[in-house]
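Okay, structure first, notes after.
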Amino acid sequence: MLIRAALAETRSSLKQPGSIITFFVLLLMVLQNFVFNVQRYQGSDLLHMVQPMKILLLGDNVENETWYTVLLQIYPLLVSLPAVIPYAKERQTGESLLLAARIGNMRYAFSRLLSVLLTTFLVFTIPPLIEIGLNCISFPLEAQCDPYGIGIYDPKYPGIVRNYLFSGLYLRSPYLYAVVGTLFWGLCSAIFAAFSAAFVAVFRFRFTVFAMLPAFLFLNATVMLSVKDRNIPGVAWYHYLTLFNDRLKNPAYLWVLPILLLIAVLAAAWGGKRDCIG
């Protein structure tokens, strides 16, 4: 019953304007980046061709900075748009009471949380996966150059690769690394959205747009707390979510994700129990 309700709410959320807008914004950005790369490397010699996965929009590409920068700027707001806003509207209009009356308050709270996770994951994962497929079809898979102009035999290259989040996986297969990194990007996006949904479960916002603030403030706080010294591990969210970011990382930082998810689960449980009591 819980899974069935979550899937039904996910189908409904995917049809909402927020999901559609977010999906096509991301799709437009990856397609624009793909077209840029096709024009940039058309006729290039294989020896000078950049590794196809390193020119993805999520690849921390330095050659197409405009759209990459735009993505970093709008992501903290965009992450809550597909599923959190519809959830906040349900709470604001009282529709959540009708749904909870049908399946139970606690079941509704957790099915809504699962729906937020699944909807956000799908919306943020599918467009980058499409770009991976397009790059594999359009560019030579044997290309090995780096966007920074550093070859695989350069002394700096091992240090750069070592700072990738899943460096061991990259050394085994850059393509598998890109797929796993994209799935991780979608998972993190889903958890950030669930963090915002935690506040929706506990509080009723007068204006639904305020439901986007928790994830927005948290993600921007990580950017403000990150120092410029490259000898100190970065804490900005994009140091861990972009595929080929070479900033020094602290693996313990990833514990933030289960903590945020735990907050979302506890908030859903508390919100469901509170409605039962109230």
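Residues in the structure tokens are named by chain (A, B, ... in the order shown) and by number from 1 within that chain; ligands are numbered from 1 in the order shown.
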Within 10 Å of Arg247 in chain A, counting only C-alpha atoms, which residues show up once you throw out same-chain ones fewer than 6 positions away? Write them as a compact mmCIF listing (two decimals) with C-alpha atoms, in the first residue's frame, please.
# COMPACT_ATOMS: atom_id res chain seq x y z
CA ILE A 160 44.20 15.31 -10.28
CA ARG A 162 43.26 11.02 -7.07
CA ASN A 163 40.98 13.90 -6.06
CA TYR A 164 38.00 12.60 -8.03
CA LEU A 165 35.26 11.36 -5.71
CA ASP A 229 42.99 27.20 0.01
CA ARG A 230 43.24 24.08 -2.19
CA ASN A 231 45.32 22.31 0.47
CA ILE A 232 42.21 22.18 2.67
CA PRO A 233 39.36 19.83 1.67
CA GLY A 234 36.49 21.70 0.04
CA VAL A 235 32.99 21.62 1.50
CA ALA A 236 31.04 23.32 -1.30
CA TYR A 238 29.66 21.07 -6.20
CA HIS A 239 33.08 19.78 -5.12
CA TYR A 240 31.38 16.43 -4.53
Problem - For Glu131 in chain A: contacts at 8 Å, only C-alpha atoms, fewer than 2 positions along chain excluded, given as a ChimeraX atom specification - result: /A:30-31,34,56,127-129,133-135
Practice task
Check the smallest atom-to-atom distance from each of A:Ala143, A:Leu122, A:Leu14, A:Val84 to Pro52 in chain A using only C-alpha atoms, then report the winner.
Solution key: A:Ala143
Exercise for the section: Determine, counting only C-alpha atoms, which protein, DNA and RNA residues have an atom within 12 Å of an atom of Tyr41 in chain A; residues of the same chain fewer than 2 positions away are not included. Present the result as a list of chain:residue names. Expected result: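 Here the qualifying residues turn out to be A:Phe34, A:Val35, A:Phe36, A:Asn37, A:Val38, A:Gln39, A:Gly43, A:Ser44, A:Asp45, A:Leu46, A:Leu47, A:His48, A:Met49, A:Val50, A:Gln51, A:Pro52, A:Ile55, A:Glu63, A:Asn135, A:Ser138, A:Phe139, A:Pro140, A:Ala143, A:Pro147.
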Counting only C-alpha atoms, which residues of range 223-267 of chain A sit at most 12 Å from some atom of range 106-113 of chain A, and what is each one's closest atom pair with its distance in Å to one decimal, listed by chain and rising residue number, as a tab-separated table?
residue	atom	partner	partner_atom	distance
A:Leu261	CA	A:Leu113	CA	10.0
A:Leu262	CA	A:Leu113	CA	11.5
A:Ile263	CA	A:Leu113	CA	11.4
A:Ala264	CA	A:Leu113	CA	7.7
A:Val265	CA	A:Phe110	CA	7.7
A:Leu266	CA	A:Phe110	CA	10.0
A:Ala267	CA	A:Ala109	CA	9.0
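If only C-alpha atoms are the atoms counted, then among A:Ala193, A:Leu243, A:Ile85, A:Ala100 the closest residue to Phe210 in chain A is A:Ile85.
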Problem - Which of range 38-261 of chain A DSSP labels alpha helix (DSSP H), written as number ranges by chain - result: A: 38-41, 65-78, 84-93, 95-103, 105-138, 157-162, 167-172, 174-202, 213-225, 238-241, 256-261
Problem - Nearest residue to Leu176 in chain A from the set A:Thr208, A:Cys136, A:Ser115, A:Leu27 (distances using only C-alpha atoms) - result: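 Result for the nearest residue to Leu176 in chain A: A:Cys136.
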Exercise for the section: Tell me, in Å to one decimal, how far CA of Leu257 in chain A is from CA of Leu58 in chain A. Expected result: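 Atom-to-atom, CA of Leu257 in chain A and CA of Leu58 in chain A are spaced 19.4 Å apart.
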Fill in the blank from the handout: Shortest contact to Phe124 in chain A, candidates A:Asn33, A:Ser12, A:Thr242, A:Thr182, atoms counted only C-alpha atoms, goes to A:Thr182
